[in-house]
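The structure appears right after this line, and notes come after that.
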Amino acid sequence: MLLLKPGLRLYKAALDRAAQEALRDELRDLLREAPLFHPTMPRSGKPFSVRMSNCGPLGWISDISGYRYQAHHPETGRPWPPMPECLRGLWRAYAGCDLAPDACLINFYDEQARMGAHQDRDEADFSAPILSVSLGDSCRFRYGGENRRDPSDSLRLDSGDVLVFGGPARLMFHGVDRILPKTSTLLDPPGRINLTLRRAK
Ligand code: MD3
Ligand code: FE
């Protein structure tokens, strides 16, 4: 485990190749039930470059009217599929939180996609951590402080890495500067999947 700063813990290669392949295959089935959608920015309606879906009781979505957690897919209207057991196991092993996650956001990045610096503050209780799992192509991940202008650092995240953000790191600004194309053979089509396990309510 690497403690990058207070509350920010990195577990390199928490999932080995076989575990990554098993999770990839589960996600492939799950995304048939809850297809990736193109979220849009509140007010402007500008599309995100990242496509998203969710699993677990609640899912995070963004559309013209705002950001929120809801229990159904915005396009199919169906409830989100259950969270794979392997993800709940990662939460038990690494999150250090007795309460189970009730939401898992699935982000898919193609080679061009990125995510601008933001805070995650749509959850009811910031005392619970957020756990992130990376699969597929590596990325350059950027993280700063609680104010947008605070100095930032960047870090390469590789397939199988788990990051936990808790305590003083929970409200830090963070984003994905870029995907590093052709750094992994896990996904077809290529790209990067990031899963974030949260307690939304
Ligand atoms: C730091 N996702 O979905 S994961 C997001 O790689 C998001 O897809 C990025 O930011 C991705 O909101 C980064 C790492 C991450 C996730 C949640 C955080 C970092 C965080 C919440 C608080 C602080
Ligand atoms: Fe985020």
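The chains in the structure tokens are called A, B, ... from first to last as shown; in each chain the residues are counted from 1, and the ligands are counted from 1 in the order shown.
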So which residues are near ligand 1, meaning at most 6 Å away with only C-alpha atoms and all ligand atoms counted, given back as a PyMOL selection string? chain A and resi 107+120+130+132+165+169-172+174-176+194+196
DSSP-assigned strand (DSSP E) among region 40-161 of chain A, expressed as a JSON list (two decimals) with all heavy atoms, in the first residue's frame:
```
[["chain", "number", "residue", "atom", "x", "y", "z"],
["A", 51, "ARG", "N", -18.33, 7.73, -21.25],
["A", 51, "ARG", "CA", -19.65, 7.10, -21.19],
["A", 51, "ARG", "C", -19.80, 6.40, -19.84],
["A", 51, "ARG", "O", -18.80, 6.01, -19.23],
["A", 51, "ARG", "CB", -19.84, 6.14, -22.34],
["A", 51, "ARG", "CG", -19.98, 6.89, -23.67],
["A", 51, "ARG", "CD", -20.38, 5.97, -24.80],
["A", 51, "ARG", "NE", -19.33, 5.02, -25.10],
["A", 51, "ARG", "CZ", -19.54, 3.81, -25.63],
["A", 51, "ARG", "NH1", -20.78, 3.41, -25.91],
["A", 51, "ARG", "NH2", -18.53, 3.03, -25.91],
["A", 52, "MET", "N", -21.03, 6.28, -19.37],
["A", 52, "MET", "CA", -21.25, 5.78, -18.01],
["A", 52, "MET", "C", -22.37, 4.77, -17.93],
["A", 52, "MET", "O", -23.27, 4.74, -18.77],
["A", 52, "MET", "CB", -21.63, 6.95, -17.08],
["A", 52, "MET", "CG", -20.53, 7.96, -16.92],
["A", 52, "MET", "SD", -21.00, 9.29, -15.78],
["A", 52, "MET", "CE", -19.43, 10.17, -15.75],
["A", 53, "SER", "N", -22.28, 3.92, -16.90],
["A", 53, "SER", "CA", -23.41, 3.13, -16.45],
["A", 53, "SER", "C", -23.21, 2.93, -14.94],
["A", 53, "SER", "O", -22.30, 3.54, -14.36],
["A", 53, "SER", "CB", -23.50, 1.80, -17.19],
["A", 53, "SER", "OG", -24.71, 1.14, -16.85],
["A", 54, "ASN", "N", -24.04, 2.14, -14.32],
["A", 54, "ASN", "CA", -23.94, 1.93, -12.87],
["A", 54, "ASN", "C", -24.40, 0.52, -12.53],
["A", 54, "ASN", "O", -25.11, -0.12, -13.31],
["A", 54, "ASN", "CB", -24.87, 2.90, -12.12],
["A", 54, "ASN", "CG", -24.42, 4.35, -12.18],
["A", 54, "ASN", "OD1", -23.62, 4.80, -11.37],
["A", 54, "ASN", "ND2", -24.93, 5.11, -13.15],
["A", 55, "CYS", "N", -24.01, 0.07, -11.33],
["A", 55, "CYS", "CA", -24.60, -1.13, -10.76],
["A", 55, "CYS", "C", -24.76, -0.91, -9.26],
["A", 55, "CYS", "O", -24.19, 0.03, -8.70],
["A", 55, "CYS", "CB", -23.78, -2.37, -11.08],
["A", 55, "CYS", "SG", -22.06, -2.28, -10.57],
["A", 59, "GLY", "N", -27.50, 4.65, -8.78],
["A", 59, "GLY", "CA", -26.52, 5.03, -9.81],
["A", 59, "GLY", "C", -26.44, 6.54, -9.92],
["A", 59, "GLY", "O", -27.44, 7.23, -9.75],
["A", 60, "TRP", "N", -25.22, 7.02, -10.22],
["A", 60, "TRP", "CA", -25.02, 8.46, -10.38],
["A", 60, "TRP", "C", -25.28, 8.82, -11.84],
["A", 60, "TRP", "O", -24.77, 8.14, -12.74],
["A", 60, "TRP", "CB", -23.58, 8.83, -10.01],
["A", 60, "TRP", "CG", -23.29, 10.29, -10.02],
["A", 60, "TRP", "CD1", -23.48, 11.17, -8.98],
["A", 60, "TRP", "CD2", -22.76, 11.07, -11.11],
["A", 60, "TRP", "NE1", -23.10, 12.44, -9.36],
["A", 60, "TRP", "CE2", -22.66, 12.41, -10.64],
["A", 60, "TRP", "CE3", -22.37, 10.77, -12.41],
["A", 60, "TRP", "CZ2", -22.17, 13.44, -11.45],
["A", 60, "TRP", "CZ3", -21.89, 11.81, -13.22],
["A", 60, "TRP", "CH2", -21.79, 13.13, -12.73],
["A", 61, "ILE", "N", -26.06, 9.84, -12.06],
["A", 61, "ILE", "CA", -26.26, 10.30, -13.43],
["A", 61, "ILE", "C", -26.19, 11.83, -13.50],
["A", 61, "ILE", "O", -26.35, 12.53, -12.48],
["A", 61, "ILE", "CB", -27.60, 9.82, -14.05],
["A", 61, "ILE", "CG1", -28.78, 10.48, -13.37],
["A", 61, "ILE", "CG2", -27.74, 8.31, -14.00],
["A", 61, "ILE", "CD1", -29.96, 10.53, -14.32],
["A", 62, "SER", "N", -25.91, 12.33, -14.69],
["A", 62, "SER", "CA", -25.89, 13.76, -14.95],
["A", 62, "SER", "C", -26.68, 14.00, -16.22],
["A", 62, "SER", "O", -26.50, 13.30, -17.21],
["A", 62, "SER", "CB", -24.44, 14.22, -15.15],
["A", 62, "SER", "OG", -24.41, 15.60, -15.45],
["A", 63, "ASP", "N", -27.58, 14.98, -16.18],
["A", 63, "ASP", "CA", -28.28, 15.39, -17.39],
["A", 63, "ASP", "C", -28.56, 16.87, -17.29],
["A", 63, "ASP", "O", -28.05, 17.54, -16.39],
["A", 63, "ASP", "CB", -29.54, 14.54, -17.64],
["A", 63, "ASP", "CG", -30.58, 14.68, -16.54],
["A", 63, "ASP", "OD1", -30.51, 15.65, -15.75],
["A", 63, "ASP", "OD2", -31.48, 13.81, -16.47],
["A", 66, "GLY", "N", -29.37, 18.30, -13.85],
["A", 66, "GLY", "CA", -28.43, 18.26, -12.73],
["A", 66, "GLY", "C", -27.81, 16.90, -12.51],
["A", 66, "GLY", "O", -27.98, 15.98, -13.30],
["A", 67, "TYR", "N", -27.06, 16.81, -11.41],
["A", 67, "TYR", "CA", -26.42, 15.56, -10.98],
["A", 67, "TYR", "C", -27.29, 14.94, -9.91],
["A", 67, "TYR", "O", -27.82, 15.65, -9.05],
["A", 67, "TYR", "CB", -25.08, 15.83, -10.29],
["A", 67, "TYR", "CG", -24.08, 16.64, -11.03],
["A", 67, "TYR", "CD1", -23.40, 17.69, -10.38],
["A", 67, "TYR", "CD2", -23.73, 16.36, -12.33],
["A", 67, "TYR", "CE1", -22.42, 18.42, -11.02],
["A", 67, "TYR", "CE2", -22.75, 17.09, -12.98],
["A", 67, "TYR", "CZ", -22.10, 18.13, -12.31],
["A", 67, "TYR", "OH", -21.13, 18.85, -12.95],
["A", 68, "ARG", "N", -27.41, 13.62, -9.90],
["A", 68, "ARG", "CA", -28.14, 12.96, -8.83],
["A", 68, "ARG", "C", -27.89, 11.46, -8.82],
["A", 68, "ARG", "O", -27.39, 10.90, -9.80],
["A", 68, "ARG", "CB", -29.64, 13.21, -8.94],
["A", 68, "ARG", "CG", -30.25, 12.61, -10.20],
["A", 68, "ARG", "CD", -31.66, 13.15, -10.45],
["A", 68, "ARG", "NE", -32.12, 12.74, -11.77],
["A", 68, "ARG", "CZ", -31.81, 13.36, -12.90],
["A", 68, "ARG", "NH1", -31.03, 14.43, -12.90],
["A", 68, "ARG", "NH2", -32.27, 12.91, -14.06],
["A", 69, "TYR", "N", -28.28, 10.84, -7.70],
["A", 69, "TYR", "CA", -28.33, 9.38, -7.63],
["A", 69, "TYR", "C", -29.76, 8.96, -7.85],
["A", 69, "TYR", "O", -30.70, 9.55, -7.29],
["A", 69, "TYR", "CB", -27.84, 8.90, -6.25],
["A", 69, "TYR", "CG", -26.34, 8.94, -6.14],
["A", 69, "TYR", "CD1", -25.69, 10.03, -5.58],
["A", 69, "TYR", "CD2", -25.57, 7.91, -6.65],
["A", 69, "TYR", "CE1", -24.31, 10.08, -5.50],
["A", 69, "TYR", "CE2", -24.18, 7.94, -6.59],
["A", 69, "TYR", "CZ", -23.56, 9.03, -6.01],
["A", 69, "TYR", "OH", -22.20, 9.07, -5.95],
["A", 70, "GLN", "N", -29.96, 7.93, -8.67],
["A", 70, "GLN", "CA", -31.31, 7.39, -8.85],
["A", 70, "GLN", "C", -31.24, 5.88, -9.03],
["A", 70, "GLN", "O", -30.18, 5.32, -9.36],
["A", 70, "GLN", "CB", -32.03, 8.08, -10.02],
["A", 70, "GLN", "CG", -31.43, 7.80, -11.38],
["A", 70, "GLN", "CD", -32.19, 8.49, -12.51],
["A", 70, "GLN", "OE1", -32.66, 9.62, -12.39],
["A", 70, "GLN", "NE2", -32.33, 7.79, -13.64],
["A", 103, "ALA", "N", -23.74, 2.17, -4.26],
["A", 103, "ALA", "CA", -23.68, 2.69, -5.63],
["A", 103, "ALA", "C", -22.33, 2.36, -6.23],
["A", 103, "ALA", "O", -21.31, 2.41, -5.53],
["A", 103, "ALA", "CB", -23.89, 4.20, -5.64],
["A", 104, "CYS", "N", -22.33, 2.02, -7.51],
["A", 104, "CYS", "CA", -21.06, 1.83, -8.23],
["A", 104, "CYS", "C", -21.20, 2.44, -9.61],
["A", 104, "CYS", "O", -21.99, 1.98, -10.44],
["A", 104, "CYS", "CB", -20.70, 0.36, -8.33],
["A", 104, "CYS", "SG", -19.24, 0.08, -9.36],
["A", 105, "LEU", "N", -20.45, 3.52, -9.82],
["A", 105, "LEU", "CA", -20.43, 4.20, -11.12],
["A", 105, "LEU", "C", -19.39, 3.52, -12.02],
["A", 105, "LEU", "O", -18.28, 3.24, -11.58],
["A", 105, "LEU", "CB", -20.08, 5.67, -10.91],
["A", 105, "LEU", "CG", -19.86, 6.54, -12.14],
["A", 105, "LEU", "CD1", -21.12, 6.63, -12.99],
["A", 105, "LEU", "CD2", -19.42, 7.95, -11.71],
["A", 106, "ILE", "N", -19.79, 3.25, -13.25],
["A", 106, "ILE", "CA", -18.90, 2.62, -14.24],
["A", 106, "ILE", "C", -18.59, 3.67, -15.30],
["A", 106, "ILE", "O", -19.50, 4.12, -16.01],
["A", 106, "ILE", "CB", -19.60, 1.41, -14.89],
["A", 106, "ILE", "CG1", -20.05, 0.40, -13.81],
["A", 106, "ILE", "CG2", -18.69, 0.76, -15.93],
["A", 106, "ILE", "CD1", -21.02, -0.68, -14.33],
["A", 107, "ASN", "N", -17.33, 4.08, -15.39],
["A", 107, "ASN", "CA", -16.93, 5.05, -16.41],
["A", 107, "ASN", "C", -16.15, 4.33, -17.50],
["A", 107, "ASN", "O", -15.24, 3.56, -17.19],
["A", 107, "ASN", "CB", -15.99, 6.11, -15.81],
["A", 107, "ASN", "CG", -16.68, 7.04, -14.83],
["A", 107, "ASN", "OD1", -17.87, 7.30, -14.96],
["A", 107, "ASN", "ND2", -15.94, 7.52, -13.85],
["A", 108, "PHE", "N", -16.50, 4.59, -18.76],
["A", 108, "PHE", "CA", -15.72, 4.04, -19.88],
["A", 108, "PHE", "C", -15.07, 5.18, -20.66],
["A", 108, "PHE", "O", -15.74, 6.10, -21.12],
["A", 108, "PHE", "CB", -16.59, 3.20, -20.83],
["A", 108, "PHE", "CG", -15.79, 2.70, -22.00],
["A", 108, "PHE", "CD1", -14.94, 1.62, -21.87],
["A", 108, "PHE", "CD2", -15.85, 3.35, -23.23],
["A", 108, "PHE", "CE1", -14.16, 1.18, -22.94],
["A", 108, "PHE", "CE2", -15.07, 2.92, -24.31],
["A", 108, "PHE", "CZ", -14.22, 1.83, -24.15],
["A", 109, "TYR", "N", -13.74, 5.07, -20.80],
["A", 109, "TYR", "CA", -12.95, 6.07, -21.52],
["A", 109, "TYR", "C", -12.43, 5.45, -22.81],
["A", 109, "TYR", "O", -11.75, 4.41, -22.77],
["A", 109, "TYR", "CB", -11.72, 6.47, -20.71],
["A", 109, "TYR", "CG", -11.99, 7.18, -19.40],
["A", 109, "TYR", "CD1", -12.40, 6.45, -18.28],
["A", 109, "TYR", "CD2", -11.82, 8.55, -19.27],
["A", 109, "TYR", "CE1", -12.64, 7.09, -17.07],
["A", 109, "TYR", "CE2", -12.06, 9.20, -18.06],
["A", 109, "TYR", "CZ", -12.46, 8.46, -16.97],
["A", 109, "TYR", "OH", -12.69, 9.10, -15.78],
["A", 115, "MET", "N", -11.48, 13.48, -18.07],
["A", 115, "MET", "CA", -12.44, 14.00, -17.09],
["A", 115, "MET", "C", -11.80, 15.19, -16.39],
["A", 115, "MET", "O", -10.73, 15.06, -15.79],
["A", 115, "MET", "CB", -12.81, 12.91, -16.08],
["A", 115, "MET", "CG", -13.93, 13.36, -15.17],
["A", 115, "MET", "SD", -14.47, 12.10, -14.03],
["A", 115, "MET", "CE", -15.33, 11.00, -15.12],
["A", 116, "GLY", "N", -12.44, 16.33, -16.51],
["A", 116, "GLY", "CA", -11.92, 17.56, -15.91],
["A", 116, "GLY", "C", -11.94, 17.49, -14.38],
["A", 116, "GLY", "O", -12.64, 16.68, -13.78],
["A", 117, "ALA", "N", -11.15, 18.37, -13.77],
["A", 117, "ALA", "CA", -11.05, 18.38, -12.31],
["A", 117, "ALA", "C", -12.40, 18.70, -11.68],
["A", 117, "ALA", "O", -13.09, 19.62, -12.12],
["A", 117, "ALA", "CB", -10.01, 19.40, -11.87],
["A", 118, "HIS", "N", -12.76, 17.92, -10.67],
["A", 118, "HIS", "CA", -14.04, 18.11, -9.98],
["A", 118, "HIS", "C", -13.94, 17.51, -8.58],
["A", 118, "HIS", "O", -12.98, 16.79, -8.28],
["A", 118, "HIS", "CB", -15.18, 17.41, -10.75],
["A", 118, "HIS", "CG", -15.00, 15.93, -10.78],
["A", 118, "HIS", "ND1", -14.17, 15.29, -11.67],
["A", 118, "HIS", "CD2", -15.51, 14.95, -9.99],
["A", 118, "HIS", "CE1", -14.18, 14.00, -11.44],
["A", 118, "HIS", "NE2", -14.98, 13.75, -10.41],
["A", 130, "ILE", "N", -14.51, 6.57, -0.82],
["A", 130, "ILE", "CA", -14.81, 6.12, -2.18],
["A", 130, "ILE", "C", -13.67, 5.20, -2.60],
["A", 130, "ILE", "O", -12.50, 5.49, -2.31],
["A", 130, "ILE", "CB", -14.98, 7.32, -3.15],
["A", 130, "ILE", "CG1", -16.26, 8.08, -2.81],
["A", 130, "ILE", "CG2", -14.98, 6.85, -4.61],
["A", 130, "ILE", "CD1", -16.60, 9.23, -3.73],
["A", 131, "LEU", "N", -14.01, 4.09, -3.24],
["A", 131, "LEU", "CA", -13.00, 3.13, -3.70],
["A", 131, "LEU", "C", -13.06, 3.06, -5.22],
["A", 131, "LEU", "O", -14.15, 2.89, -5.79],
["A", 131, "LEU", "CB", -13.26, 1.76, -3.06],
["A", 131, "LEU", "CG", -12.24, 0.66, -3.37],
["A", 131, "LEU", "CD1", -12.17, -0.32, -2.18],
["A", 131, "LEU", "CD2", -12.59, -0.12, -4.63],
["A", 132, "SER", "N", -11.91, 3.20, -5.87],
["A", 132, "SER", "CA", -11.86, 3.18, -7.34],
["A", 132, "SER", "C", -11.03, 1.98, -7.82],
["A", 132, "SER", "O", -9.99, 1.66, -7.26],
["A", 132, "SER", "CB", -11.28, 4.51, -7.83],
["A", 132, "SER", "OG", -10.30, 4.34, -8.81],
["A", 133, "VAL", "N", -11.53, 1.32, -8.88],
["A", 133, "VAL", "CA", -10.84, 0.19, -9.51],
["A", 133, "VAL", "C", -10.59, 0.56, -10.97],
["A", 133, "VAL", "O", -11.52, 0.98, -11.67],
["A", 133, "VAL", "CB", -11.71, -1.08, -9.47],
["A", 133, "VAL", "CG1", -10.94, -2.29, -10.02],
["A", 133, "VAL", "CG2", -12.23, -1.37, -8.07],
["A", 134, "SER", "N", -9.36, 0.41, -11.44],
["A", 134, "SER", "CA", -9.02, 0.69, -12.83],
["A", 134, "SER", "C", -8.85, -0.60, -13.62],
["A", 134, "SER", "O", -8.21, -1.55, -13.13],
["A", 134, "SER", "CB", -7.70, 1.48, -12.91],
["A", 134, "SER", "OG", -7.85, 2.78, -12.37],
["A", 135, "LEU", "N", -9.38, -0.62, -14.85],
["A", 135, "LEU", "CA", -9.24, -1.78, -15.75],
["A", 135, "LEU", "C", -8.90, -1.28, -17.15],
["A", 135, "LEU", "O", -9.45, -0.26, -17.60],
["A", 135, "LEU", "CB", -10.55, -2.55, -15.85],
["A", 135, "LEU", "CG", -11.04, -3.35, -14.64],
["A", 135, "LEU", "CD1", -12.41, -3.96, -14.96],
["A", 135, "LEU", "CD2", -10.04, -4.43, -14.23],
["A", 136, "GLY", "N", -8.04, -2.00, -17.85],
["A", 136, "GLY", "CA", -7.74, -1.66, -19.24],
["A", 136, "GLY", "C", -6.60, -0.67, -19.34],
["A", 136, "GLY", "O", -5.65, -0.70, -18.54],
["A", 138, "SER", "N", -3.98, 2.30, -19.18],
["A", 138, "SER", "CA", -3.53, 3.16, -18.08],
["A", 138, "SER", "C", -4.00, 4.58, -18.33],
["A", 138, "SER", "O", -4.38, 4.94, -19.44],
["A", 138, "SER", "CB", -2.00, 3.12, -18.00],
["A", 138, "SER", "OG", -1.57, 1.78, -17.83],
["A", 139, "CYS", "N", -3.94, 5.39, -17.29],
["A", 139, "CYS", "CA", -4.27, 6.81, -17.45],
["A", 139, "CYS", "C", -3.35, 7.63, -16.58],
["A", 139, "CYS", "O", -2.65, 7.12, -15.71],
["A", 139, "CYS", "CB", -5.72, 7.09, -17.09],
["A", 139, "CYS", "SG", -6.05, 7.13, -15.31],
["A", 140, "ARG", "N", -3.39, 8.92, -16.84],
["A", 140, "ARG", "CA", -2.73, 9.93, -16.01],
["A", 140, "ARG", "C", -3.84, 10.52, -15.14],
["A", 140, "ARG", "O", -4.78, 11.14, -15.64],
["A", 140, "ARG", "CB", -2.18, 10.94, -16.95],
["A", 140, "ARG", "CG", -0.93, 11.69, -16.92],
["A", 140, "ARG", "CD", 0.15, 11.73, -15.92],
["A", 140, "ARG", "NE", 1.14, 10.69, -16.12],
["A", 140, "ARG", "CZ", 1.94, 10.25, -15.13],
["A", 140, "ARG", "NH1", 1.93, 10.79, -13.94],
["A", 140, "ARG", "NH2", 2.79, 9.30, -15.35],
["A", 141, "PHE", "N", -3.78, 10.24, -13.87],
["A", 141, "PHE", "CA", -4.79, 10.70, -12.92],
["A", 141, "PHE", "C", -4.23, 11.90, -12.17],
["A", 141, "PHE", "O", -3.08, 11.88, -11.75],
["A", 141, "PHE", "CB", -5.09, 9.55, -11.93],
["A", 141, "PHE", "CG", -5.98, 9.94, -10.78],
["A", 141, "PHE", "CD1", -7.32, 10.23, -10.97],
["A", 141, "PHE", "CD2", -5.46, 10.01, -9.49],
["A", 141, "PHE", "CE1", -8.14, 10.58, -9.90],
["A", 141, "PHE", "CE2", -6.28, 10.37, -8.41],
["A", 141, "PHE", "CZ", -7.61, 10.65, -8.63],
["A", 142, "ARG", "N", -5.02, 12.96, -12.02],
["A", 142, "ARG", "CA", -4.54, 14.17, -11.33],
["A", 142, "ARG", "C", -5.36, 14.40, -10.07],
["A", 142, "ARG", "O", -6.57, 14.25, -10.08],
["A", 142, "ARG", "CB", -4.63, 15.39, -12.28],
["A", 142, "ARG", "CG", -4.07, 16.67, -11.66],
["A", 142, "ARG", "CD", -3.83, 17.75, -12.69],
["A", 142, "ARG", "NE", -2.79, 17.37, -13.63],
["A", 142, "ARG", "CZ", -1.47, 17.47, -13.37],
["A", 142, "ARG", "NH1", -1.04, 17.95, -12.22],
["A", 142, "ARG", "NH2", -0.60, 17.08, -14.28],
["A", 143, "TYR", "N", -4.67, 14.75, -9.01],
["A", 143, "TYR", "CA", -5.36, 15.03, -7.74],
["A", 143, "TYR", "C", -4.72, 16.22, -7.04],
["A", 143, "TYR", "O", -3.51, 16.42, -7.13],
["A", 143, "TYR", "CB", -5.37, 13.79, -6.85],
["A", 143, "TYR", "CG", -3.99, 13.29, -6.46],
["A", 143, "TYR", "CD1", -3.44, 13.60, -5.22],
["A", 143, "TYR", "CD2", -3.24, 12.53, -7.35],
["A", 143, "TYR", "CE1", -2.17, 13.15, -4.86],
["A", 143, "TYR", "CE2", -1.97, 12.08, -7.00],
["A", 143, "TYR", "CZ", -1.44, 12.40, -5.76],
["A", 143, "TYR", "OH", -0.19, 11.97, -5.42],
["A", 153, "ASP", "N", -0.87, 16.97, -8.05],
["A", 153, "ASP", "CA", 0.13, 15.98, -8.45],
["A", 153, "ASP", "C", -0.54, 15.06, -9.45],
["A", 153, "ASP", "O", -1.77, 14.98, -9.47],
["A", 153, "ASP", "CB", 0.53, 15.12, -7.26],
["A", 153, "ASP", "CG", 1.64, 15.74, -6.46],
["A", 153, "ASP", "OD1", 2.66, 16.09, -7.07],
["A", 153, "ASP", "OD2", 1.49, 15.88, -5.22],
["A", 154, "SER", "N", 0.24, 14.35, -10.25],
["A", 154, "SER", "CA", -0.39, 13.36, -11.10],
["A", 154, "SER", "C", 0.27, 12.02, -10.89],
["A", 154, "SER", "O", 1.39, 11.92, -10.37],
["A", 154, "SER", "CB", -0.39, 13.78, -12.56],
["A", 154, "SER", "OG", 0.83, 13.45, -13.16],
["A", 155, "LEU", "N", -0.45, 11.00, -11.30],
["A", 155, "LEU", "CA", -0.08, 9.64, -10.98],
["A", 155, "LEU", "C", -0.57, 8.77, -12.13],
["A", 155, "LEU", "O", -1.62, 9.04, -12.69],
["A", 155, "LEU", "CB", -0.85, 9.34, -9.68],
["A", 155, "LEU", "CG", -1.11, 7.95, -9.22],
["A", 155, "LEU", "CD1", 0.17, 7.49, -8.58],
["A", 155, "LEU", "CD2", -2.21, 7.98, -8.16],
["A", 156, "ARG", "N", 0.21, 7.75, -12.48],
["A", 156, "ARG", "CA", -0.24, 6.81, -13.50],
["A", 156, "ARG", "C", -1.04, 5.70, -12.82],
["A", 156, "ARG", "O", -0.56, 5.09, -11.85],
["A", 156, "ARG", "CB", 0.97, 6.23, -14.24],
["A", 156, "ARG", "CG", 0.58, 5.22, -15.30],
["A", 156, "ARG", "CD", 1.81, 4.68, -16.00],
["A", 156, "ARG", "NE", 1.48, 3.46, -16.70],
["A", 156, "ARG", "CZ", 1.93, 3.14, -17.90],
["A", 156, "ARG", "NH1", 2.74, 3.96, -18.55],
["A", 156, "ARG", "NH2", 1.58, 2.01, -18.46],
["A", 157, "LEU", "N", -2.25, 5.46, -13.31],
["A", 157, "LEU", "CA", -3.05, 4.34, -12.80],
["A", 157, "LEU", "C", -3.07, 3.25, -13.86],
["A", 157, "LEU", "O", -3.32, 3.53, -15.04],
["A", 157, "LEU", "CB", -4.48, 4.78, -12.52],
["A", 157, "LEU", "CG", -4.70, 5.68, -11.31],
["A", 157, "LEU", "CD1", -6.16, 6.08, -11.21],
["A", 157, "LEU", "CD2", -4.24, 4.97, -10.04]]
```
Could you pull out all residues of chain A with a DSSP call of helix (DSSP H, G or I) and give them as a PyMOL selection string? chain A and resi 17-33+85-94+167-169
